[in-house]
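entry-v4.cif follows (mmCIF, C-alpha atoms):
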```cif
data_final
#
loop_
_atom_site.group_PDB
_atom_site.id
_atom_site.type_symbol
_atom_site.label_atom_id
_atom_site.label_comp_id
_atom_site.auth_asym_id
_atom_site.auth_seq_id
_atom_site.Cartn_x
_atom_site.Cartn_y
_atom_site.Cartn_z
ATOM 1 C CA MET A 1 29.497 56.177 -22.492
ATOM 2 C CA LYS A 2 31.652 53.553 -23.978
ATOM 3 C CA ASP A 3 30.108 50.729 -26.065
ATOM 4 C CA HIS A 4 31.386 47.339 -24.798
ATOM 5 C CA ARG A 5 29.704 45.320 -27.530
ATOM 6 C CA SER A 6 32.435 45.997 -30.008
ATOM 7 C CA ASP A 7 35.141 44.487 -27.870
ATOM 8 C CA ALA A 8 35.737 41.203 -29.724
ATOM 9 C CA ALA A 9 38.433 39.924 -27.371
ATOM 10 C CA ILE A 10 36.127 39.952 -24.337
ATOM 11 C CA GLU A 11 33.343 38.375 -26.353
ATOM 12 C CA LYS A 12 35.710 35.614 -27.496
ATOM 13 C CA ILE A 13 36.758 34.910 -23.888
ATOM 14 C CA ILE A 14 33.152 34.797 -22.719
ATOM 15 C CA ARG A 15 32.144 32.404 -25.510
ATOM 16 C CA ALA A 16 35.135 30.165 -24.757
ATOM 17 C CA SER A 17 34.251 29.993 -21.056
ATOM 18 C CA VAL A 18 30.583 29.257 -21.748
ATOM 19 C CA GLU A 19 31.325 26.382 -24.158
ATOM 20 C CA ILE A 20 30.817 22.917 -22.693
ATOM 21 C CA THR A 21 33.888 20.853 -23.342
ATOM 22 C CA ASP A 22 33.400 18.313 -20.544
ATOM 23 C CA VAL A 23 31.540 15.421 -22.174
ATOM 24 C CA PRO A 24 30.740 12.417 -19.953
ATOM 25 C CA ASP A 25 32.314 9.090 -20.735
ATOM 26 C CA PRO A 26 29.993 7.008 -22.987
ATOM 27 C CA GLU A 27 30.436 3.968 -20.707
ATOM 28 C CA LEU A 28 29.395 5.947 -17.625
ATOM 29 C CA ASN A 29 26.492 7.428 -19.548
ATOM 30 C CA SER A 30 25.260 3.961 -20.580
ATOM 31 C CA GLN A 31 25.604 2.658 -17.002
ATOM 32 C CA LEU A 32 23.551 5.551 -15.658
ATOM 33 C CA LYS A 33 20.890 5.019 -18.313
ATOM 34 C CA ALA A 34 20.734 1.293 -17.511
ATOM 35 C CA ALA A 35 20.337 2.020 -13.781
ATOM 36 C CA LEU A 36 17.612 4.556 -14.533
ATOM 37 C CA TYR A 37 15.723 2.118 -16.773
ATOM 38 C CA GLN A 38 15.976 -0.635 -14.136
ATOM 39 C CA HIS A 39 14.595 1.688 -11.461
ATOM 40 C CA GLU A 40 11.757 2.744 -13.757
ATOM 41 C CA ALA A 41 10.933 -0.893 -14.555
ATOM 42 C CA VAL A 42 10.778 -1.749 -10.843
ATOM 43 C CA LEU A 43 8.456 1.191 -10.199
ATOM 44 C CA GLN A 44 6.154 0.174 -13.038
ATOM 45 C CA LYS A 45 5.986 -3.452 -11.851
ATOM 46 C CA GLN A 46 4.550 -2.337 -8.528
ATOM 47 C CA PRO A 47 0.762 -2.242 -8.590
ATOM 48 C CA ALA A 48 -0.785 1.199 -8.884
ATOM 49 C CA THR A 49 -3.404 0.375 -6.262
ATOM 50 C CA ARG A 50 -3.321 -0.836 -2.712
ATOM 51 C CA ALA A 51 -5.656 -3.625 -1.746
ATOM 52 C CA LEU A 52 -7.291 -3.737 1.668
ATOM 53 C CA PRO A 53 -8.969 -7.132 2.141
ATOM 54 C CA LEU A 54 -12.084 -7.102 4.294
ATOM 55 C CA TRP A 55 -13.074 -10.782 4.207
ATOM 56 C CA TYR A 56 -12.319 -11.188 7.912
ATOM 57 C CA MET A 57 -14.541 -8.313 9.085
ATOM 58 C CA PRO A 58 -17.802 -10.326 9.404
ATOM 59 C CA MET A 59 -15.926 -12.935 11.422
ATOM 60 C CA ILE A 60 -14.480 -10.335 13.792
ATOM 61 C CA CYS A 61 -17.807 -8.532 14.216
ATOM 62 C CA ASN A 62 -19.616 -11.830 14.878
ATOM 63 C CA LEU A 63 -17.026 -12.942 17.411
ATOM 64 C CA ALA A 64 -17.021 -9.581 19.193
ATOM 65 C CA ALA A 65 -20.813 -9.402 19.351
ATOM 66 C CA PHE A 66 -21.288 -12.919 20.712
ATOM 67 C CA SER A 67 -18.380 -12.584 23.150
ATOM 68 C CA LEU A 68 -20.029 -9.482 24.570
ATOM 69 C CA LEU A 69 -23.323 -11.346 24.767
ATOM 70 C CA ALA A 70 -21.568 -14.170 26.633
ATOM 71 C CA VAL A 71 -20.112 -11.708 29.148
ATOM 72 C CA LEU A 72 -23.506 -10.030 29.470
ATOM 73 C CA ALA A 73 -25.164 -13.415 30.075
ATOM 74 C CA LEU A 74 -22.647 -14.225 32.811
ATOM 75 C CA MET A 75 -23.263 -10.876 34.486
ATOM 76 C CA ILE A 76 -27.042 -10.601 34.160
ATOM 77 C CA ILE A 77 -28.403 -14.151 34.625
ATOM 78 C CA GLU A 78 -28.514 -15.085 38.302
ATOM 79 C CA ASN A 79 -28.792 -18.844 37.851
ATOM 80 C CA VAL A 80 -25.203 -20.077 37.492
ATOM 81 C CA TYR A 81 -25.986 -23.063 35.287
ATOM 82 C CA LEU A 82 -28.253 -21.086 33.021
ATOM 83 C CA SER A 83 -25.711 -18.256 32.699
ATOM 84 C CA TYR A 84 -22.922 -20.715 31.790
ATOM 85 C CA PHE A 85 -25.253 -22.410 29.322
ATOM 86 C CA ALA A 86 -26.135 -19.091 27.631
ATOM 87 C CA ALA A 87 -22.500 -17.988 27.583
ATOM 88 C CA GLY A 88 -21.466 -21.340 26.105
ATOM 89 C CA ILE A 89 -24.075 -21.030 23.355
ATOM 90 C CA CYS A 90 -22.834 -17.499 22.571
ATOM 91 C CA LEU A 91 -19.212 -18.643 22.401
ATOM 92 C CA TYR A 92 -20.224 -21.625 20.279
ATOM 93 C CA ILE A 93 -22.009 -19.321 17.823
ATOM 94 C CA GLY A 94 -18.897 -17.091 17.711
ATOM 95 C CA ALA A 95 -16.676 -20.102 16.947
ATOM 96 C CA ALA A 96 -19.159 -21.301 14.322
ATOM 97 C CA GLY A 97 -19.002 -17.853 12.708
ATOM 98 C CA ILE A 98 -15.215 -18.176 12.445
ATOM 99 C CA LEU A 99 -15.533 -21.630 10.895
ATOM 100 C CA LEU A 100 -18.249 -20.526 8.466
ATOM 101 C CA THR A 101 -16.197 -17.515 7.370
ATOM 102 C CA ILE A 102 -13.105 -19.617 6.707
ATOM 103 C CA VAL A 103 -15.070 -22.266 4.802
ATOM 104 C CA GLY A 104 -16.973 -19.612 2.860
ATOM 105 C CA VAL A 105 -13.779 -17.862 1.835
ATOM 106 C CA LYS A 106 -12.217 -21.147 0.689
ATOM 107 C CA ARG A 107 -15.266 -22.427 -1.177
ATOM 108 C CA ALA A 108 -16.643 -19.226 -2.706
ATOM 109 C CA ASN A 109 -13.274 -17.499 -3.273
ATOM 110 C CA ILE A 110 -14.606 -14.146 -2.095
ATOM 111 C CA LYS A 111 -11.308 -12.617 -0.973
ATOM 112 C CA GLU A 112 -11.011 -10.679 -4.231
ATOM 113 C CA GLU A 113 -14.627 -9.549 -4.174
ATOM 114 C CA ILE A 114 -14.497 -8.215 -0.624
ATOM 115 C CA THR A 115 -11.492 -5.975 -1.151
ATOM 116 C CA ILE A 116 -11.222 -2.206 -1.157
ATOM 117 C CA ARG A 117 -8.780 -0.876 -3.752
ATOM 118 C CA MET A 118 -7.144 2.508 -3.218
ATOM 119 C CA LYS A 119 -4.953 4.380 -5.675
ATOM 120 C CA LYS A 120 -1.374 4.873 -4.600
ATOM 121 C CA ARG A 121 0.028 8.342 -4.481
ATOM 122 C CA GLY A 122 3.485 9.099 -5.717
ATOM 123 C CA VAL A 123 5.753 8.659 -8.676
ATOM 124 C CA LEU A 124 4.354 6.724 -11.645
ATOM 125 C CA ALA A 125 1.117 5.980 -9.849
#
```
Any chance you could put this one into structure tokens?
Amino acid sequence: MKDHRSDAAIEKIIRASVEITDVPDPELNSQLKAALYQHEAVLQKQPATRALPLWYMPMICNLAAFSLLAVLALMIIENVYLSYFAAGICLYIGAAGILLTIVGVKRANIKEEITIRMKKRGVLA
């Protein structure tokens, strides 16, 4: 068998072809770095958690419950005036629940306290 390691000419050609002579332009390199740093800064400015506010849930549950009670009162109570009276009271309580929730959120500032925070998945999270 012939030993190909001693062939210096082939080795020289291989080394010449493997050498990296194409160097990027310094201006292009700096532009790419600047774009990369800007993109990274934008990603880091985004909050790492998602916030799901739940301050409106008691209001929705109250309104749904008393609306169903109003419909039930209209269907079950045979006396027309009494059924309208009961349904009106139920709708009034539902509207009062909306008003109380809005006032409570404004006065007590509970939006931040009644919030579920979830970690984001993804890059730089």
My list of candidates is A:Tyr81, A:Tyr92, A:Trp55, A:Phe66. Which is closest to Lys106 in chain A when distances are computed with only C-alpha atoms? A:Trp55
I want to know what sits within 10 Å of Ala64 in chain A, based on all atoms listed in the file, with residues of the same chain fewer than 6 positions away left out; could you give that as a count of residues only? 4
Evaluate the PyMOL selection byres ((chain A and resi 59) around 9) and record the selected residues as number ranges by chain, following the chain and residue labels used in the document. A: 55-58, 60-64, 94, 97-102
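Take the PyMOL selection byres ((chain A and resi 87) around 8) and apply it to this file: it picks A:Leu69, A:Ala70, A:Val71, A:Ala73, A:Leu74, A:Ser83, A:Tyr84, A:Phe85, A:Ala86, A:Gly88, A:Ile89, A:Cys90, A:Leu91.
From CA of Leu52 in chain A back to CA of Ile110 in chain A, the distance works out to 13.3 Å.
Among the candidate residues A:Ser17, A:Thr49, A:Ser30, A:Gln44, the one lying nearest to Ile116 in chain A is A:Thr49, with distances computed using all atoms listed in the file.
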Just the number, please: distance in Å from CA of Ser67 in chain A to CA of Asn79 in chain A, one decimal. 19.1 Å
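Interatomic distance, CA of Lys111 in chain A to CA of Lys45 in chain A: 22.4 Å.
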Considering all atoms listed in the file, can you say which of A:Arg50, A:Arg107, A:Arg15, A:His39 comes closest to Arg121 in chain A? A:Arg50
Can you spell out as a PyMOL selection string the set of residues that the PyMOL selection byres ((chain A and resi 51) around 10) selects in the structure I just provided? chain A and resi 47-50+52-54+112+115-120
Store the residues of this selection in a file with C-alpha atoms, as a short mmCIF file (atom, residue, chain, number, x, y, z; two decimals), in the coordinates of the input.
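Heads up, here's the output in selection-v5.cif:
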```cif
data_model
loop_
_atom_site.label_atom_id
_atom_site.label_comp_id
_atom_site.auth_asym_id
_atom_site.auth_seq_id
_atom_site.Cartn_x
_atom_site.Cartn_y
_atom_site.Cartn_z
CA PRO A 47 0.76 -2.24 -8.59
CA ALA A 48 -0.78 1.20 -8.88
CA THR A 49 -3.40 0.38 -6.26
CA ARG A 50 -3.32 -0.84 -2.71
CA LEU A 52 -7.29 -3.74 1.67
CA PRO A 53 -8.97 -7.13 2.14
CA LEU A 54 -12.08 -7.10 4.29
CA GLU A 112 -11.01 -10.68 -4.23
CA THR A 115 -11.49 -5.98 -1.15
CA ILE A 116 -11.22 -2.21 -1.16
CA ARG A 117 -8.78 -0.88 -3.75
CA MET A 118 -7.14 2.51 -3.22
CA LYS A 119 -4.95 4.38 -5.68
CA LYS A 120 -1.37 4.87 -4.60
#
```
Around all the atoms of range 66-73 of chain A listed in the file, with 5 Å of room on each side, what axis-aligned box do you get, giving centre and edge lengths in Å to one decimal, as AutoDock Vina command-line options?
```
--center_x -21.8 --center_y -11.8 --center_z 25.4 --size_x 16.8 --size_y 14.7 --size_z 19.4
```
